[in-house]
Amino acid sequence: MSVSSVLSPSSIVVRPKVTTSEPATAAKKLRFGVVLALVSNVLFGVLYLYSHWLAPLSGTQVFLWRMVAMWFGLVGLLAVTQNFGQLKAFLMGLNKQQWVLLLLPTPILASQLWLFMWAPINGQAVNTAMGYFLFPLMMVLIGCVVFKETLNRLQWAAIIVAAAGVGLQFWLAGSVSWATAWVCLTYPIYYGLRRWQGVPALMGLFVDLSVIAPIALGFLLWQNSSISIVMGSMTIGLLVIGLGMISALAMQTNLKASQVLPMNTFGMLSYLEPALMFLLSIFVLHEAVNGTMIASFALIWVGVLLMIVNAIRASKKSHSTAICD
């Protein structure tokens with residue numbers, strides 16, 4: 001069903017009276033989505049350090065291992081949640097056109113996952129974090145333009161302040177890093193397409209990895225030096241296993257949150273991940289930052305705080321509505 005048909009006058013007229021449980025259910029769904037988003041952001045923060053922990057493997061080699069390990073981790077997650085039947089039904093119900101649309105954003109995900117593992121050990125950690133700061137802003141714009149989500153004054157103020165931070169970065173630095181641009185311009189396309197297609201989070205991720213993982217395995221077998229490193233160290237081997245498990249759980253909770261929450265709420269909560277990435281880049285990876293970056297991030301964080309205040313107010317309003325009803 002399209003957004004326009006849901007919001008048409010006729011559909012509002014015939015809609016049955018709201019039951020007392022609906023506001024409470026909506027508030028519960030919102031809280032569940034927020035928890036999923038928080039968990040995924042923390043897990044992504046852990047994953048951001050993996051390339052650092054898995055030295056002497058290169059960032060690209062860590063990415064290849066992650067794809068293979070993540071596929072097995074996802075299979076394990078499907079087994080635990082007993083979703084293989086749902087996966088089979090989903091895949092069998094696709095026609096040729098739907099298969100094409102399903103696979104269309106897969107290269108975007110592959111490139112983003114590569115950059116995520118490559119950047120921390122190649123001097124692009126802060127720039128990539130900047131891209132993830134911009135990504136939620138783009139998600140909010142997609143939510144407004146494509147999915148017709150509305151914003152209140154506080155949300156508009158948050159977006160304007162965050163956009164000012166980005167503008168300051170561009171004006172003072174004179175350019176935006178390619179890593180920054182790639183994250184903020186292509187990742188929203190992936191999430192937007194998945195939401196528009198209505199693909200279940202776990203199903204879509206499994207299809208993506210089923211395409212990416214065999215290619216990654218082929219590269220690992222072709223460059224067998226990293227296999228020798230992993231097989232020759234129990235610590236690195238265990239870290240690779242953990243890489244797959246954490247990756248599968250992080251992506252699944254993130255994609256699920258993107259489908260449970262309104263697009264603008266999910267987009268703004270996603271600022272927590274780049275905040276962790278930024279802090280880890282400075283205090284763990286020891287990347288240098290200048291005054292321009294600090295000023296830009298300060299403005300963006302003001303926008304983030306405004307969105308947090310808005311989310312708290314919305315949650316309290318939903319809760320009070322449920323009690324009154």
# chains A, B, ... in the order shown; residues from 1 in each chain; ligands from 1

$ residues_around --residues "region 48-61 of chain A" --least-positions-apart "6" --cutoff "7 Å" --atoms "only C-alpha atoms" --output "list in words"
Trp114, Phe116, Met117, Trp118, Pro120, Ile121, Ser226, Ile236 and Met277 of chain A

$ write_last_selection --atoms "all heavy atoms" --output "compact mmCIF listing (two decimals), in the first residue's frame"
# COMPACT_ATOMS: atom_id res chain seq x y z
N TRP A 114 33.32 -2.29 3.20
CA TRP A 114 34.76 -2.24 2.95
C TRP A 114 35.37 -0.98 3.54
O TRP A 114 36.39 -1.04 4.24
CB TRP A 114 35.05 -2.28 1.44
CG TRP A 114 36.48 -1.91 1.14
CD1 TRP A 114 37.58 -2.71 1.25
CD2 TRP A 114 36.95 -0.62 0.72
NE1 TRP A 114 38.72 -2.00 0.92
CE2 TRP A 114 38.36 -0.72 0.59
CE3 TRP A 114 36.32 0.60 0.44
CZ2 TRP A 114 39.14 0.37 0.20
CZ3 TRP A 114 37.10 1.68 0.06
CH2 TRP A 114 38.49 1.56 -0.06
N PHE A 116 34.32 0.86 5.93
CA PHE A 116 34.23 0.82 7.38
C PHE A 116 35.43 0.11 8.00
O PHE A 116 35.92 0.49 9.07
CB PHE A 116 32.92 0.14 7.79
CG PHE A 116 32.61 0.23 9.26
CD1 PHE A 116 31.98 1.34 9.78
CD2 PHE A 116 32.95 -0.81 10.12
CE1 PHE A 116 31.69 1.42 11.13
CE2 PHE A 116 32.66 -0.74 11.46
CZ PHE A 116 32.02 0.38 11.98
N MET A 117 35.90 -0.96 7.35
CA MET A 117 37.04 -1.71 7.88
C MET A 117 38.37 -1.15 7.39
O MET A 117 39.40 -1.30 8.07
CB MET A 117 36.93 -3.19 7.47
CG MET A 117 35.64 -3.88 7.83
SD MET A 117 35.10 -3.66 9.56
CE MET A 117 36.46 -4.35 10.47
N TRP A 118 38.38 -0.50 6.24
CA TRP A 118 39.62 0.02 5.66
C TRP A 118 40.04 1.35 6.27
O TRP A 118 41.22 1.59 6.52
CB TRP A 118 39.41 0.18 4.15
CG TRP A 118 40.59 0.75 3.41
CD1 TRP A 118 41.65 0.06 2.88
CD2 TRP A 118 40.82 2.14 3.10
NE1 TRP A 118 42.53 0.92 2.26
CE2 TRP A 118 42.05 2.21 2.38
CE3 TRP A 118 40.13 3.31 3.36
CZ2 TRP A 118 42.57 3.42 1.94
CZ3 TRP A 118 40.65 4.52 2.91
CH2 TRP A 118 41.86 4.56 2.21
N PRO A 120 39.83 2.89 9.33
CA PRO A 120 40.50 3.10 10.62
C PRO A 120 42.01 2.93 10.59
O PRO A 120 42.71 3.51 11.43
CB PRO A 120 39.85 2.03 11.53
CG PRO A 120 38.53 1.77 10.91
CD PRO A 120 38.76 1.89 9.43
N ILE A 121 42.54 2.14 9.66
CA ILE A 121 43.99 1.92 9.65
C ILE A 121 44.64 2.55 8.41
O ILE A 121 45.79 2.23 8.09
CB ILE A 121 44.34 0.42 9.72
CG1 ILE A 121 43.68 -0.36 8.60
CG2 ILE A 121 43.95 -0.15 11.07
CD1 ILE A 121 44.04 -1.82 8.58
N SER A 226 46.68 -14.13 4.11
CA SER A 226 45.87 -13.82 5.28
C SER A 226 45.32 -15.09 5.93
O SER A 226 45.11 -15.13 7.15
CB SER A 226 44.71 -12.89 4.90
OG SER A 226 43.83 -13.53 4.00
N ILE A 236 43.79 -14.41 16.81
CA ILE A 236 43.23 -13.80 15.60
C ILE A 236 42.06 -14.64 15.08
O ILE A 236 41.04 -14.11 14.63
CB ILE A 236 44.31 -13.64 14.52
CG1 ILE A 236 45.34 -12.61 14.96
CG2 ILE A 236 43.69 -13.23 13.19
CD1 ILE A 236 46.44 -12.36 13.96
N MET A 277 32.57 6.54 16.75
CA MET A 277 33.67 6.42 15.78
C MET A 277 34.64 7.59 15.92
O MET A 277 35.87 7.41 15.86
CB MET A 277 33.11 6.37 14.36
CG MET A 277 32.33 5.11 14.04
SD MET A 277 31.39 5.23 12.49
CE MET A 277 32.71 5.50 11.30

$ select_by_dssp --residues "region 70-133 of chain A" --states "alpha helix (DSSP H)" --output "ChimeraX atom specification"
/A:70-81,84-92,96-103,106-118,125-133

$ residues_around --residues "region 127-133 of chain A" --least-positions-apart "6" --cutoff "7 Å" --atoms "only C-alpha atoms" --output "ChimeraX atom specification"
/A:119,177,179-181,183-184,271,274,277-278

$ closest_residue --among "A:Gln252, A:Asn122, A:Ser225, A:Thr186" --to "Ile108 (chain A)" --atoms "only C-alpha atoms"
A:Thr186

$ closest_atom_pairs --of "region 220-287 of chain A" --to "region 30-33 of chain A" --cutoff "9 Å" --atoms "only C-alpha atoms" --output "tab-separated table"
residue	atom	partner	partner_atom	distance
A:Thr253	CA	A:Gly33	CA	9.0
A:Lys256	CA	A:Gly33	CA	7.8
A:Ala257	CA	A:Gly33	CA	5.0
A:Ser258	CA	A:Gly33	CA	8.0
A:Gln259	CA	A:Gly33	CA	8.5
A:Val260	CA	A:Gly33	CA	5.6
A:Leu261	CA	A:Gly33	CA	5.6
A:Pro262	CA	A:Leu30	CA	8.7
A:Phe266	CA	A:Gly33	CA	8.2

$ atom_distance --atom1 "CA of Val166 (chain A)" --atom2 "CA of Ser296 (chain A)"
6.2 Å

$ closest_residue --among "A:Leu202, A:Leu64, A:Met234, A:Leu141" --to "Ala110 (chain A)" --atoms "only C-alpha atoms"
A:Leu64

$ residues_around --residues "Gly291 (chain A)" --least-positions-apart "5" --cutoff "10 Å" --atoms "only C-alpha atoms" --output "list in words"
Gln169, Leu172, Ser296 and Phe297 of chain A

$ residues_around --residues "Gly237 (chain A)" --least-positions-apart "2" --cutoff "12 Å" --atoms "only C-alpha atoms" --output "list in words"
Trp53, Leu54, Leu57, Val62, Trp65, Arg66, Ala69, Ser226, Ile227, Ser228, Ile229, Val230, Met231, Gly232, Ser233, Met234, Thr235, Leu239, Val240, Ile241, Gly242, Leu243 and Gly244 of chain A

$ atom_distance --atom1 "CA of Leu113 (chain A)" --atom2 "CA of Ala213 (chain A)"
11.9 Å

$ atom_distance --atom1 "CA of Gly93 (chain A)" --atom2 "CA of Ala201 (chain A)"
16.2 Å

$ residues_around --residues "Ile282 (chain A)" --least-positions-apart "5" --cutoff "9 Å" --atoms "only C-alpha atoms" --output "VMD selection string"
chain A and resid 125 to 126 277 287 to 289

$ write_last_selection --atoms "N, CA, C and O atoms" --output "tab-separated table (two decimals), in the first residue's frame"
chain	number	residue	atom	x	y	z
A	125	ALA	N	39.77	7.57	9.32
A	125	ALA	CA	38.79	7.27	10.37
A	125	ALA	C	37.92	8.48	10.67
A	125	ALA	O	36.69	8.38	10.76
A	126	VAL	N	38.52	9.65	10.86
A	126	VAL	CA	37.75	10.85	11.19
A	126	VAL	C	36.86	11.26	10.02
A	126	VAL	O	35.70	11.63	10.21
A	277	MET	N	32.57	6.54	16.75
A	277	MET	CA	33.67	6.42	15.78
A	277	MET	C	34.64	7.59	15.92
A	277	MET	O	35.87	7.41	15.86
A	287	GLU	N	44.12	9.59	15.69
A	287	GLU	CA	44.11	10.45	14.51
A	287	GLU	C	44.03	11.91	14.95
A	287	GLU	O	43.36	12.25	15.93
A	288	ALA	N	44.71	12.78	14.21
A	288	ALA	CA	44.73	14.20	14.55
A	288	ALA	C	43.48	14.89	14.03
A	288	ALA	O	42.96	14.56	12.96
A	289	VAL	N	42.98	15.85	14.80
A	289	VAL	CA	41.85	16.67	14.39
A	289	VAL	C	42.23	18.13	14.53
A	289	VAL	O	43.03	18.49	15.40

$ closest_atom_pairs --of "region 174-205 of chain A" --to "region 72-86 of chain A" --cutoff "10 Å" --atoms "only C-alpha atoms" --output "JSON lines"
{"residue": "A:Pro200", "atom": "CA", "partner": "A:Gln86", "partner_atom": "CA", "distance": 9.8}
{"residue": "A:Leu202", "atom": "CA", "partner": "A:Leu78", "partner_atom": "CA", "distance": 8.1}
{"residue": "A:Met203", "atom": "CA", "partner": "A:Gln86", "partner_atom": "CA", "distance": 8.4}
{"residue": "A:Leu205", "atom": "CA", "partner": "A:Leu74", "partner_atom": "CA", "distance": 8.5}

$ closest_residue --among "A:Val284, A:Val46, A:Leu249, A:Ala295" --to "Ala164 (chain A)" --atoms "only C-alpha atoms"
A:Ala295

$ closest_atom_pairs --of "region 155-214 of chain A" --to "region 96-107 of chain A" --cutoff "10 Å" --atoms "only C-alpha atoms" --output "Markdown table"
| residue | atom | partner | partner_atom | distance |
| --- | --- | --- | --- | --- |
| A:Thr186 | CA | A:Pro105 | CA | 9.3 |
| A:Tyr187 | CA | A:Pro105 | CA | 9.2 |
| A:Ile189 | CA | A:Pro105 | CA | 7.5 |
| A:Tyr190 | CA | A:Pro105 | CA | 5.3 |
| A:Tyr191 | CA | A:Pro105 | CA | 8.7 |
| A:Gly192 | CA | A:Pro105 | CA | 9.7 |
| A:Leu193 | CA | A:Pro105 | CA | 7.3 |
| A:Arg194 | CA | A:Leu102 | CA | 7.8 |
| A:Gln197 | CA | A:Leu102 | CA | 7.8 |
| A:Val199 | CA | A:Leu102 | CA | 8.1 |
| A:Gly204 | CA | A:Leu102 | CA | 7.5 |
| A:Leu205 | CA | A:Thr106 | CA | 9.0 |
| A:Val207 | CA | A:Leu103 | CA | 7.8 |
| A:Asp208 | CA | A:Thr106 | CA | 5.5 |
| A:Leu209 | CA | A:Thr106 | CA | 8.4 |
| A:Val211 | CA | A:Thr106 | CA | 8.0 |
| A:Ile212 | CA | A:Thr106 | CA | 8.1 |

$ closest_residue --among "A:Ile308, A:Ala314, A:Ile300, A:Ala158" --to "Ala275 (chain A)" --atoms "only C-alpha atoms"
A:Ile300

$ decode --residues "region 70-95 of chain A" --atoms "C-alpha atoms" --output "mmCIF file, in the first residue's frame"
data_model
loop_
_atom_site.group_PDB
_atom_site.id
_atom_site.type_symbol
_atom_site.label_atom_id
_atom_site.label_comp_id
_atom_site.auth_asym_id
_atom_site.auth_seq_id
_atom_site.Cartn_x
_atom_site.Cartn_y
_atom_site.Cartn_z
ATOM 1 C CA MET A 70 29.400 -12.499 8.915
ATOM 2 C CA TRP A 71 27.596 -14.851 6.523
ATOM 3 C CA PHE A 72 28.156 -17.784 8.882
ATOM 4 C CA GLY A 73 27.152 -15.588 11.826
ATOM 5 C CA LEU A 74 23.935 -14.687 10.052
ATOM 6 C CA VAL A 75 23.187 -18.339 9.303
ATOM 7 C CA GLY A 76 23.606 -19.015 13.024
ATOM 8 C CA LEU A 77 21.277 -16.132 13.837
ATOM 9 C CA LEU A 78 18.677 -17.491 11.431
ATOM 10 C CA ALA A 79 18.974 -20.901 13.077
ATOM 11 C CA VAL A 80 18.517 -19.461 16.573
ATOM 12 C CA THR A 81 15.514 -17.365 15.545
ATOM 13 C CA GLN A 82 14.107 -20.229 13.422
ATOM 14 C CA ASN A 83 13.576 -17.946 10.438
ATOM 15 C CA PHE A 84 14.718 -20.325 7.687
ATOM 16 C CA GLY A 85 11.097 -21.063 6.769
ATOM 17 C CA GLN A 86 10.342 -17.361 6.497
ATOM 18 C CA LEU A 87 13.491 -16.881 4.412
ATOM 19 C CA LYS A 88 12.495 -19.646 2.005
ATOM 20 C CA ALA A 89 8.979 -18.284 1.646
ATOM 21 C CA PHE A 90 10.344 -14.796 1.018
ATOM 22 C CA LEU A 91 12.816 -15.906 -1.653
ATOM 23 C CA MET A 92 10.341 -18.214 -3.400
ATOM 24 C CA GLY A 93 7.807 -15.389 -3.626
ATOM 25 C CA LEU A 94 10.091 -13.067 -5.619
ATOM 26 C CA ASN A 95 9.677 -12.618 -9.364
#
